[in-house]
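Just my_file10.txt here, compact mmCIF, C-alpha atoms:
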```txt
# COMPACT_ATOMS: atom_id res chain seq x y z
CA MET A 67 87.41 104.87 110.07
CA HIS A 68 87.02 101.42 108.54
CA GLU A 69 90.02 102.33 106.38
CA LEU A 70 92.10 101.50 109.44
CA SER A 71 90.66 97.95 109.58
CA ILE A 72 91.32 97.56 105.89
CA ALA A 73 94.84 99.00 106.08
CA SER A 74 95.57 96.68 109.03
CA GLY A 75 94.45 93.65 107.01
CA LEU A 76 96.62 94.83 104.14
CA VAL A 77 99.70 95.41 106.28
CA GLU A 78 99.27 92.08 108.05
CA LYS A 79 99.25 90.30 104.70
CA LEU A 80 102.30 92.25 103.47
CA LEU A 81 104.33 91.71 106.64
CA ASP A 82 103.53 88.03 106.34
CA PHE A 83 104.99 88.13 102.82
CA SER A 84 108.09 90.01 104.10
CA GLU A 85 108.64 87.48 106.85
CA LYS A 86 108.47 84.55 104.45
CA ASN A 87 110.70 86.35 101.95
CA PRO A 88 113.35 88.13 104.03
CA ASP A 89 115.45 88.84 100.92
CA LYS A 90 112.66 90.85 99.29
CA LYS A 91 111.85 94.41 100.14
CA ILE A 92 108.38 95.59 99.10
CA ILE A 93 108.58 98.96 97.42
CA GLU A 94 105.12 99.26 95.94
CA VAL A 95 101.69 97.75 96.59
CA ARG A 96 98.94 97.95 93.98
CA LEU A 97 95.39 97.84 95.18
CA ALA A 98 92.14 97.65 93.27
CA VAL A 99 89.39 99.63 95.00
CA GLY A 100 85.87 99.51 93.61
CA GLU A 101 83.74 102.56 92.95
CA LEU A 102 80.93 101.08 95.05
CA SER A 103 83.17 100.25 97.98
CA HIS A 104 83.07 102.64 100.83
CA ILE A 105 86.78 103.20 100.91
CA GLU A 106 88.22 106.65 100.90
CA GLU A 107 91.57 106.76 99.13
CA GLU A 108 93.13 109.56 101.16
CA GLN A 109 92.23 107.98 104.48
CA LEU A 110 93.48 104.58 103.35
CA ARG A 111 96.83 106.14 102.39
CA PHE A 112 97.05 107.97 105.68
CA CYS A 113 96.35 104.80 107.67
CA TYR A 114 98.79 102.79 105.57
CA GLU A 115 101.60 105.25 106.15
CA ALA A 116 100.83 105.51 109.85
CA ILE A 117 100.90 101.78 110.53
CA THR A 118 103.84 100.89 108.28
CA THR A 119 106.17 103.32 110.04
CA GLU A 120 109.11 101.44 111.53
CA THR A 121 108.15 98.19 109.85
CA ALA A 122 109.70 96.42 106.87
CA LEU A 123 107.13 98.27 104.75
CA GLU A 124 108.16 101.79 105.71
CA GLY A 125 108.53 103.98 102.65
CA SER A 126 106.65 101.63 100.34
CA LYS A 127 104.25 103.21 97.89
CA LEU A 128 100.53 102.51 97.71
CA GLU A 129 99.11 102.58 94.17
CA ILE A 130 95.32 102.60 94.08
CA GLU A 131 93.47 101.65 90.93
CA LYS A 132 89.78 102.58 90.84
CA ILE A 133 87.49 99.86 89.49
CA ASP A 134 84.34 101.05 87.72
CA ALA A 135 80.96 99.90 88.92
CA MET A 136 79.09 97.43 86.69
CA VAL A 137 75.57 96.10 87.17
CA LYS A 138 73.33 93.40 85.76
CA CYS A 139 69.56 93.48 85.71
CA PRO A 140 67.71 90.26 86.54
CA HIS A 141 64.53 91.70 84.98
CA CYS A 142 65.57 92.94 81.52
CA LEU A 143 69.06 91.36 81.42
CA TYR A 144 70.81 94.72 80.98
CA ARG A 145 74.54 94.53 81.70
CA GLY A 146 76.83 97.52 81.92
CA ARG A 147 77.47 100.75 83.79
CA PRO A 148 74.97 101.76 86.46
CA LYS A 149 72.58 104.67 86.29
CA TYR A 150 73.96 107.77 87.99
CA TRP A 151 71.93 110.18 90.06
CA ASP A 152 73.22 113.57 88.99
CA GLY A 153 71.44 116.08 91.14
CA ALA A 154 71.80 114.13 94.39
CA LEU A 155 74.55 116.24 95.87
CA SER A 156 76.51 119.22 94.70
CA GLY A 157 79.61 117.05 94.31
CA ILE A 158 79.93 113.93 92.22
CA PRO A 159 77.08 111.91 90.68
CA VAL A 160 75.95 108.98 92.83
CA ALA A 161 75.92 105.44 91.41
CA THR A 162 72.53 103.76 91.93
CA LEU A 163 71.08 100.28 91.48
CA GLU A 164 68.24 101.56 89.26
CA CYS A 165 68.39 99.80 85.91
CA PRO A 166 69.23 102.33 83.16
CA SER A 167 67.11 100.25 80.80
CA CYS A 168 63.95 99.14 82.65
CA GLY A 169 64.08 101.08 85.94
CA LYS A 170 63.96 98.07 88.26
CA THR A 171 66.63 97.07 90.78
CA THR A 172 69.90 95.74 89.41
CA GLU A 173 72.69 93.82 91.14
CA ALA A 174 76.27 95.06 91.27
CA THR A 175 78.74 92.76 89.52
CA ASP A 176 81.88 94.92 89.72
CA GLY A 177 83.06 97.81 91.79
CA GLN A 178 82.66 96.45 95.32
CA GLU A 179 86.13 95.01 95.70
CA CYS A 180 89.13 96.00 97.70
CA ALA A 181 92.01 93.72 96.82
CA ILE A 182 95.78 93.58 96.56
CA LYS A 183 96.51 93.16 92.85
CA SER A 184 100.29 92.95 92.84
CA LEU A 185 103.47 93.73 94.71
CA ARG A 186 106.68 95.26 93.47
CA PHE A 187 109.83 94.42 95.38
CA THR A 188 113.61 94.44 95.22
CA GLU A 189 116.07 91.77 96.27
CA THR A 190 117.79 93.15 99.34
CA SER A 191 120.40 90.55 100.23
CA PRO A 192 123.91 92.04 99.87
CA ILE A 193 125.28 88.71 98.71
CA ALA A 194 122.54 88.07 96.19
CA SER A 195 124.04 87.79 92.76
CA MET B 220 124.46 92.30 90.58
CA ALA B 221 127.64 92.34 92.65
CA ASN B 222 127.21 95.29 94.92
CA GLU B 223 129.57 94.64 97.80
CA GLY B 224 129.18 97.80 99.84
CA ALA B 225 125.41 97.88 99.87
CA VAL B 226 123.55 96.30 102.76
CA HIS B 227 120.15 97.08 101.31
CA VAL B 228 119.07 97.91 97.83
CA THR B 229 117.45 101.30 98.13
CA LEU B 230 114.10 102.42 96.78
CA GLU B 231 115.93 103.83 93.77
CA ALA B 232 116.97 100.37 92.60
CA SER B 233 117.49 100.26 88.88
CA PRO B 234 114.60 98.81 86.87
CA ASP B 235 116.31 95.46 86.26
CA GLU B 236 116.42 94.83 89.99
CA ILE B 237 112.71 95.38 90.48
CA TYR B 238 110.32 92.47 90.38
CA ASP B 239 106.55 92.24 90.29
CA ILE B 240 104.31 89.47 91.43
CA GLU B 241 100.58 89.15 90.92
CA LEU B 242 98.77 88.62 94.16
CA GLU B 243 95.01 88.49 93.95
CA HIS B 244 94.06 88.87 97.57
CA SER B 245 90.80 90.41 98.71
CA LEU B 246 91.03 92.50 101.85
CA LEU B 247 87.35 92.06 102.56
CA GLU B 248 87.41 88.31 102.13
CA ALA B 249 88.45 87.32 105.67
CA ASN B 250 85.37 89.03 107.07
CA ALA B 251 83.14 87.80 104.24
CA LYS B 252 84.19 84.19 104.95
CA LEU B 253 83.38 84.49 108.64
CA ALA B 254 80.02 86.02 107.71
CA VAL B 255 79.25 82.94 105.61
CA GLU B 256 80.20 80.73 108.60
CA ASN B 257 77.94 82.74 110.90
CA ARG B 258 75.12 82.38 108.41
CA ALA B 259 75.61 78.62 108.20
CA LEU B 260 75.53 78.34 112.00
CA LEU B 261 72.35 80.42 112.15
CA ASP B 262 70.71 78.41 109.36
CA ARG B 263 71.51 75.14 111.12
CA HIS B 264 69.55 76.40 114.13
CA GLY B 265 66.75 77.86 112.04
CA ILE B 266 67.54 81.38 113.22
CA THR B 267 67.08 84.55 111.19
CA ALA B 268 69.48 87.37 112.04
CA ILE B 269 68.70 90.95 111.10
CA ASP B 270 71.41 93.62 111.08
CA PHE B 271 70.29 97.13 112.09
CA MET B 272 72.42 99.99 110.81
CA GLY B 273 71.93 103.68 111.26
CA ALA B 274 73.37 106.84 112.76
CA ILE B 275 73.65 107.48 116.48
CA GLY B 276 70.26 108.68 117.70
CA SER B 277 68.30 107.36 114.72
CA GLY B 278 66.27 105.17 117.07
CA LYS B 279 67.73 101.69 116.49
CA THR B 280 67.63 100.66 120.15
CA THR B 281 64.07 101.89 120.69
CA LEU B 282 62.84 100.20 117.51
CA ILE B 283 64.47 96.92 118.54
CA THR B 284 63.00 97.22 122.05
CA LYS B 285 59.52 97.72 120.58
CA LEU B 286 59.93 94.72 118.29
CA VAL B 287 61.18 92.54 121.14
CA GLU B 288 58.17 93.60 123.23
CA ARG B 289 55.82 92.51 120.46
CA LEU B 290 57.57 89.27 119.54
CA LYS B 291 59.09 87.74 122.66
CA SER B 292 55.96 85.88 123.80
CA ARG B 293 55.58 84.26 120.37
CA LEU B 294 59.16 83.32 119.45
CA GLY B 295 62.67 83.17 120.87
CA VAL B 296 64.39 86.52 120.34
CA ALA B 297 67.90 87.64 121.25
CA VAL B 298 69.66 90.94 120.70
CA PHE B 299 73.31 91.70 119.96
CA ASN B 300 74.32 95.23 120.79
CA GLY B 301 77.35 96.77 119.20
CA ASP B 302 78.58 99.80 121.03
CA ALA B 303 81.96 101.45 120.96
CA THR B 304 82.25 102.07 124.69
CA THR B 305 79.07 101.87 126.73
CA SER B 306 76.54 99.17 127.60
CA ASP B 307 73.61 101.63 127.80
CA ASP B 308 71.75 100.13 124.83
CA ALA B 309 72.28 96.55 125.99
CA ASP B 310 71.07 97.49 129.48
CA ALA B 311 67.92 99.07 128.03
CA ILE B 312 67.07 95.96 126.03
CA ALA B 313 68.01 93.56 128.85
CA LYS B 314 64.96 94.90 130.72
CA GLN B 315 62.91 92.89 128.24
CA ASN B 316 64.29 89.67 129.73
CA VAL B 317 65.63 88.29 126.49
CA PRO B 318 69.24 87.18 125.90
CA VAL B 319 71.41 90.23 125.17
CA VAL B 320 74.99 90.10 123.99
CA GLN B 321 76.93 93.30 124.41
CA ILE B 322 79.74 93.64 121.89
CA ALA B 323 82.14 96.43 122.78
CA THR B 324 84.23 97.35 119.77
CA ILE B 325 86.44 99.65 121.86
CA ASN B 326 86.24 102.60 119.52
CA GLY B 327 85.96 100.43 116.42
CA CYS B 328 83.40 101.92 114.09
CA HIS B 329 81.59 98.78 112.98
CA LEU B 330 80.77 95.26 114.08
CA ASP B 331 82.50 92.55 112.12
CA ALA B 332 81.70 88.93 111.45
CA ASN B 333 84.39 87.76 113.87
CA LEU B 334 82.85 89.61 116.84
CA VAL B 335 79.35 88.44 115.96
CA GLY B 336 80.61 84.86 115.55
CA LYS B 337 82.11 84.97 119.03
CA GLY B 338 78.81 86.27 120.38
CA LEU B 339 76.89 83.46 118.69
CA ARG B 340 79.05 80.92 120.49
CA LYS B 341 78.33 82.49 123.85
CA ILE B 342 74.58 82.03 123.96
CA GLU B 343 72.20 79.09 123.81
CA LEU B 344 70.94 79.07 120.23
CA GLY B 345 68.52 76.16 120.65
CA ASN B 346 65.39 78.13 121.47
CA LEU B 347 65.98 81.14 119.28
CA LYS B 348 64.22 82.07 116.06
CA LEU B 349 65.31 85.66 115.62
CA ILE B 350 68.41 87.68 116.47
CA PHE B 351 68.47 91.44 116.09
CA ILE B 352 72.00 92.75 115.67
CA GLU B 353 72.34 96.44 116.45
CA ASN B 354 75.39 97.73 114.64
CA ILE B 355 77.49 100.68 115.80
CA GLY B 356 75.80 104.03 115.23
CA ASN B 357 77.46 104.89 111.96
CA LEU B 358 76.17 105.26 108.42
CA ILE B 359 79.43 104.65 106.63
CA CYS B 360 81.58 101.82 107.86
CA PRO B 361 79.26 98.86 108.51
CA ALA B 362 78.36 98.61 104.80
CA GLU B 363 81.68 96.95 104.04
CA PHE B 364 81.41 94.29 106.71
CA PRO B 365 78.64 91.71 106.34
CA LEU B 366 77.90 89.84 109.57
CA GLY B 367 75.99 86.79 108.36
CA SER B 368 72.53 88.29 108.77
CA LYS B 369 69.71 87.40 106.41
CA ALA B 370 68.65 91.01 105.95
CA ARG B 371 70.06 94.44 106.64
CA VAL B 372 67.84 97.22 107.88
CA VAL B 373 68.93 100.84 107.61
CA VAL B 374 67.27 103.24 110.04
CA VAL B 375 67.23 106.95 109.28
CA SER B 376 65.16 109.44 111.20
CA VAL B 377 63.66 112.73 110.11
CA THR B 378 65.62 114.46 112.87
CA GLU B 379 68.80 113.81 110.90
CA GLY B 380 67.61 116.26 108.27
CA PRO B 381 66.52 115.90 104.64
CA TRP B 382 69.77 114.67 103.09
CA MET B 383 70.67 111.54 105.03
CA VAL B 384 69.84 109.16 102.19
CA ARG B 385 71.72 110.87 99.39
CA LYS B 386 74.70 111.57 101.61
CA HIS B 387 75.18 107.88 102.42
CA PRO B 388 74.11 106.08 99.25
CA HIS B 389 76.28 102.98 99.71
CA MET B 390 74.56 102.01 102.92
CA PHE B 391 71.20 101.76 101.15
CA LEU B 392 72.48 99.79 98.16
CA GLY B 393 73.26 96.85 100.45
CA ALA B 394 70.05 96.99 102.52
CA GLU B 395 66.83 94.99 102.21
CA ILE B 396 64.58 97.20 104.34
CA VAL B 397 64.78 100.92 105.10
CA VAL B 398 62.98 102.52 108.02
CA ILE B 399 62.27 106.26 108.09
CA ASN B 400 61.86 106.79 111.81
CA LYS B 401 60.45 109.51 114.07
CA ILE B 402 57.83 110.55 111.50
CA ASP B 403 55.84 112.14 114.35
CA LEU B 404 58.52 114.86 114.31
CA ALA B 405 58.55 115.40 110.54
CA GLN B 406 56.45 118.52 110.61
CA ALA B 407 58.45 120.14 113.40
CA MET B 408 61.66 119.30 111.55
CA GLU B 409 60.22 120.52 108.23
CA VAL B 410 61.45 117.32 106.63
CA SER B 411 59.38 115.53 104.00
CA VAL B 412 59.05 111.80 104.65
CA GLU B 413 57.92 111.32 101.02
CA ASP B 414 61.14 112.91 99.75
CA LEU B 415 63.24 110.59 101.91
CA VAL B 416 61.29 107.59 100.61
CA ASP B 417 61.81 108.85 97.02
CA ASP B 418 65.53 109.23 97.61
CA VAL B 419 65.81 105.62 98.76
CA HIS B 420 63.88 104.43 95.71
CA LYS B 421 66.14 106.41 93.40
CA LEU B 422 69.05 104.36 94.75
CA LYS B 423 67.25 101.01 94.84
CA PRO B 424 63.81 101.07 93.16
CA ASP B 425 62.18 97.95 94.65
CA ILE B 426 63.41 98.19 98.24
CA LYS B 427 60.87 98.16 101.07
CA VAL B 428 60.74 101.55 102.81
CA ILE B 429 58.66 101.83 105.98
CA PRO B 430 57.95 105.15 107.74
CA THR B 431 57.67 104.55 111.49
CA SER B 432 57.24 106.28 114.81
CA THR B 433 58.01 104.44 118.04
CA LYS B 434 56.09 107.16 119.83
CA THR B 435 52.75 106.73 118.04
CA GLY B 436 53.34 103.15 116.91
CA ALA B 437 52.88 104.11 113.25
CA GLY B 438 54.41 101.63 110.82
CA LEU B 439 55.41 99.10 113.48
CA ASP B 440 52.88 96.46 112.32
CA GLU B 441 54.22 96.74 108.80
CA PHE B 442 57.82 96.65 109.99
CA GLU B 443 57.19 93.55 112.09
CA LYS B 444 55.50 91.84 109.15
CA ALA B 445 58.37 92.72 106.81
CA LEU B 446 60.95 91.36 109.28
CA LEU B 447 59.12 88.09 109.76
CA ALA B 448 58.91 87.70 105.98
CA VAL B 449 62.65 87.94 105.21
```
Will you turn the file into structure tokens for me?
Amino acid sequence: MHELSIASGLVEKLLDFSEKNPDKKIIEVRLAVGELSHIEEEQLRFCYEAITTETALEGSKLEIEKIDAMVKCPHCLYRGRPKYWDGALSGIPVATLECPSCGKTTEATDGQECAIKSLRFTETSPIAS
Amino acid sequence: MANEGAVHVTLEASPDEIYDIELEHSLLEANAKLAVENRALLDRHGITAIDFMGAIGSGKTTLITKLVERLKSRLGVAVFNGDATTSDDADAIAKQNVPVVQIATINGCHLDANLVGKGLRKIELGNLKLIFIENIGNLICPAEFPLGSKARVVVVSVTEGPWMVRKHPHMFLGAEIVVINKIDLAQAMEVSVEDLVDDVHKLKPDIKVIPTSTKTGAGLDEFEKALLAV
């Protein structure tokens, strides 16, 4: 369950923001999660909800944007989407590092990230005007 | 925005009371930075670290023990053992009389660069040339957490069945060497070693794949050579 480590890192960062900005209440967090990252959306949500309970973040919404995988080939200079392995499993096609153009090994350029993109918050101070 | 009665603006705040800020912050960066620090420390001492990943029972500890046996008289070797709860693996390798660092993750499912960095500061690095880092037995989580090693080895064994590679593709994308272990049992398991090798090459065409058996010794020369060449 590395989602728990990742959710903990996320919550730590957000609580740090809340502490420095006591007049702001975070209502939504937008994450970018790459297709090649090993992060399972459902589990990340579950962990996030579990560890934000009874904190300043309780009730905040987690928006997860999937980032497509992109590769570049050092051999034939191909740049673009990776080759997918269709028959690998009965479920979804599997992204590979095989170059769709020359068949050698490519390097991933996008799709490995897991980052906080933006926060949405409200001003909570009753005397704010 | 005078709203005298309200102590807190609720989640249903009207759109003009909602603000957005951009915040580019990678959640994997803290670990990645520590991994770079570990790597710098290792490089300064001329040490190559190799990260071993693979499922529980794939044979990581036995493979490392065999390698230590072969190498320890020629060069300084140490082993880091990640284990969620026990020190069984570390105890097994300690019999080889090489420095062993046991890293208990207390139910954590992967080693991280912070734990490995702490381990590196606990041992005398001066005489070492090679550190084998045995990650937690898990084919999913460690992929996201680089440790500072120069190469990552994934160990799968034929006893895990024919689908281990395609079921855990991400793990192989980030590896430099793949070992297909326990090939002496392939026939009994009715698992094709060639098919497993093909699966790895479908994911990463040029990666080195070495079939091994710690029982018969098959592939160990090649594995040792590949490790010393990284």
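When CA of His389 in chain B is paired with CA of Ala297 in chain B, their separation reads 27.7 Å.
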What are the closest atom pairs, with distances in Å to one decimal, for all residues of chain A lying within 9 Å of chain B? Consider all atoms listed in the file, order rows by chain and residue number, and present the result as JSON lines.
```
{"residue": "A:Met67", "atom": "CA", "partner": "B:Cys328", "partner_atom": "CA", "distance": 6.4}
{"residue": "A:His68", "atom": "CA", "partner": "B:Cys360", "partner_atom": "CA", "distance": 5.5}
{"residue": "A:Glu69", "atom": "CA", "partner": "B:Cys360", "partner_atom": "CA", "distance": 8.6}
{"residue": "A:Ser71", "atom": "CA", "partner": "B:Gly327", "partner_atom": "CA", "distance": 8.7}
{"residue": "A:Ile72", "atom": "CA", "partner": "B:Leu246", "partner_atom": "CA", "distance": 6.5}
{"residue": "A:Ala73", "atom": "CA", "partner": "B:Leu246", "partner_atom": "CA", "distance": 8.6}
{"residue": "A:Gly75", "atom": "CA", "partner": "B:Leu246", "partner_atom": "CA", "distance": 6.3}
{"residue": "A:Leu76", "atom": "CA", "partner": "B:Leu246", "partner_atom": "CA", "distance": 6.5}
{"residue": "A:Lys79", "atom": "CA", "partner": "B:His244", "partner_atom": "CA", "distance": 8.9}
{"residue": "A:Lys91", "atom": "CA", "partner": "B:Val228", "partner_atom": "CA", "distance": 8.3}
{"residue": "A:Ile93", "atom": "CA", "partner": "B:Leu230", "partner_atom": "CA", "distance": 6.5}
{"residue": "A:Leu102", "atom": "CA", "partner": "B:His389", "partner_atom": "CA", "distance": 6.9}
{"residue": "A:Ser103", "atom": "CA", "partner": "B:Glu363", "partner_atom": "CA", "distance": 7.1}
{"residue": "A:His104", "atom": "CA", "partner": "B:Glu363", "partner_atom": "CA", "distance": 6.7}
{"residue": "A:Ile105", "atom": "CA", "partner": "B:Glu363", "partner_atom": "CA", "distance": 8.7}
{"residue": "A:Gly125", "atom": "CA", "partner": "B:Leu230", "partner_atom": "CA", "distance": 8.2}
{"residue": "A:Ser126", "atom": "CA", "partner": "B:Leu230", "partner_atom": "CA", "distance": 8.3}
{"residue": "A:Trp151", "atom": "CA", "partner": "B:Lys421", "partner_atom": "CA", "distance": 7.7}
{"residue": "A:Ala154", "atom": "CA", "partner": "B:Arg385", "partner_atom": "CA", "distance": 6.0}
{"residue": "A:Leu155", "atom": "CA", "partner": "B:Arg385", "partner_atom": "CA", "distance": 7.0}
{"residue": "A:Val160", "atom": "CA", "partner": "B:Pro388", "partner_atom": "CA", "distance": 7.3}
{"residue": "A:Ala161", "atom": "CA", "partner": "B:Leu422", "partner_atom": "CA", "distance": 7.7}
{"residue": "A:Thr162", "atom": "CA", "partner": "B:Leu422", "partner_atom": "CA", "distance": 4.5}
{"residue": "A:Leu163", "atom": "CA", "partner": "B:Lys423", "partner_atom": "CA", "distance": 5.1}
{"residue": "A:Glu164", "atom": "CA", "partner": "B:Lys423", "partner_atom": "CA", "distance": 5.7}
{"residue": "A:Cys165", "atom": "CA", "partner": "B:Pro424", "partner_atom": "CA", "distance": 8.7}
{"residue": "A:Gly169", "atom": "CA", "partner": "B:Pro424", "partner_atom": "CA", "distance": 7.2}
{"residue": "A:Lys170", "atom": "CA", "partner": "B:Pro424", "partner_atom": "CA", "distance": 5.7}
{"residue": "A:Thr171", "atom": "CA", "partner": "B:Pro424", "partner_atom": "CA", "distance": 5.4}
{"residue": "A:Thr172", "atom": "CA", "partner": "B:Lys423", "partner_atom": "CA", "distance": 8.0}
{"residue": "A:Gln178", "atom": "CA", "partner": "B:Glu363", "partner_atom": "CA", "distance": 8.8}
{"residue": "A:Glu179", "atom": "CA", "partner": "B:Ser245", "partner_atom": "CA", "distance": 7.2}
{"residue": "A:Cys180", "atom": "CA", "partner": "B:Leu246", "partner_atom": "CA", "distance": 5.8}
{"residue": "A:Ala181", "atom": "CA", "partner": "B:Ser245", "partner_atom": "CA", "distance": 4.0}
{"residue": "A:Ile182", "atom": "CA", "partner": "B:His244", "partner_atom": "CA", "distance": 5.1}
{"residue": "A:Lys183", "atom": "CA", "partner": "B:Glu243", "partner_atom": "CA", "distance": 5.0}
{"residue": "A:Ser184", "atom": "CA", "partner": "B:Glu241", "partner_atom": "CA", "distance": 4.3}
{"residue": "A:Leu185", "atom": "CA", "partner": "B:Ile240", "partner_atom": "CA", "distance": 5.4}
{"residue": "A:Arg186", "atom": "CA", "partner": "B:Asp239", "partner_atom": "CA", "distance": 4.4}
{"residue": "A:Phe187", "atom": "CA", "partner": "B:Tyr238", "partner_atom": "CA", "distance": 5.4}
{"residue": "A:Thr188", "atom": "CA", "partner": "B:Ile237", "partner_atom": "CA", "distance": 4.9}
{"residue": "A:Glu189", "atom": "CA", "partner": "B:Glu236", "partner_atom": "CA", "distance": 7.0}
{"residue": "A:Thr190", "atom": "CA", "partner": "B:His227", "partner_atom": "CA", "distance": 5.0}
{"residue": "A:Ser191", "atom": "CA", "partner": "B:His227", "partner_atom": "CA", "distance": 6.6}
{"residue": "A:Pro192", "atom": "CA", "partner": "B:Val226", "partner_atom": "CA", "distance": 5.2}
{"residue": "A:Ile193", "atom": "CA", "partner": "B:Glu223", "partner_atom": "CA", "distance": 7.4}
{"residue": "A:Ala194", "atom": "CA", "partner": "B:Met220", "partner_atom": "CA", "distance": 7.3}
{"residue": "A:Ser195", "atom": "CA", "partner": "B:Met220", "partner_atom": "CA", "distance": 5.0}
```
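Here CA of Ile322 in chain B and CA of Phe271 in chain B stand 14.1 Å from one another.
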Exercise: residues within 9 Å of coordinate (63.7, 87.3, 125.4), counting all atoms listed in the file, as a list of chain:residue names:
B:Val287, B:Glu288, B:Leu290, B:Lys291, B:Ser292, B:Leu294, B:Gly295, B:Val296, B:Ala297, B:Val298, B:Ala313, B:Gln315, B:Asn316, B:Val317, B:Pro318, B:Val319, B:Leu347
Leaving out Asp331 in chain B and any residue of its chain fewer than 6 positions from it, which residues lie within 9 Å of it when counting all atoms listed in the file, given as a ChimeraX atom specification?
/B:250,253-254,361,364-366
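CA of Val95 in chain A is found 16.0 Å from CA of Gln109 in chain A.
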Nearest residue to Ser277 in chain B from the set B:Asn357, B:Asn257, B:Thr435, B:Ser411 (distances using all atoms listed in the file):
B:Asn357
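Shortest atom-to-atom contact with Lys90 in chain A among A:Ala122, A:Ile130, A:Cys168, A:Val137: A:Ala122, counting all atoms listed in the file.
Nearest residue to Val428 in chain B among B:Asp270, B:Gly380, B:Leu261, B:Val375 is B:Val375, counting only C-alpha atoms.
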The residues within 7 Å of (87.7, 98.0, 91.6), using all atoms listed in the file and the coordinates of the file, should be reported as number ranges by chain; which are they?
A: 98-101, 131-134, 176-180
Best match for closeness to Val412 in chain B among B:Asn400, B:Glu395, B:Asn346, B:Leu447, counting only C-alpha atoms
B:Asn400
One residue among A:Leu110, A:Asp152, A:Thr175, A:Glu124 is nearest to Cys139 in chain A when using all atoms listed in the file, and that residue is A:Thr175
With 6 Å on each side, where is the centre of the axis-aligned box around all listed atoms of range 259-271 of chain B, and how long are its edges in Å to one decimal, as AutoDock Vina command-line options?
```
--center_x 71.2 --center_y 86.1 --center_z 111.2 --size_x 20.9 --size_y 34.0 --size_z 17.9
```
So which residues touch Leu260 in chain B within 10 Å, counting all atoms listed in the file, skipping near sequence neighbours fewer than 2 positions away, as a tab-separated table (two decimals) with C-alpha atoms, in the frame of the given file?
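Saved the output as out18.tsv:
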```
chain	number	residue	atom	x	y	z
B	254	ALA	CA	80.02	86.02	107.71
B	255	VAL	CA	79.25	82.94	105.61
B	256	GLU	CA	80.20	80.73	108.60
B	257	ASN	CA	77.94	82.74	110.90
B	258	ARG	CA	75.12	82.38	108.41
B	262	ASP	CA	70.71	78.41	109.36
B	263	ARG	CA	71.51	75.14	111.12
B	264	HIS	CA	69.55	76.40	114.13
B	265	GLY	CA	66.75	77.86	112.04
B	266	ILE	CA	67.54	81.38	113.22
B	336	GLY	CA	80.61	84.86	115.55
B	339	LEU	CA	76.89	83.46	118.69
B	340	ARG	CA	79.05	80.92	120.49
B	344	LEU	CA	70.94	79.07	120.23
B	367	GLY	CA	75.99	86.79	108.36
```
Restricting the calculation to all atoms listed in the file, which member of A:Pro148, A:Leu128, A:Ala116, A:Gly157 is positioned closest to Glu94 in chain A?
A:Leu128
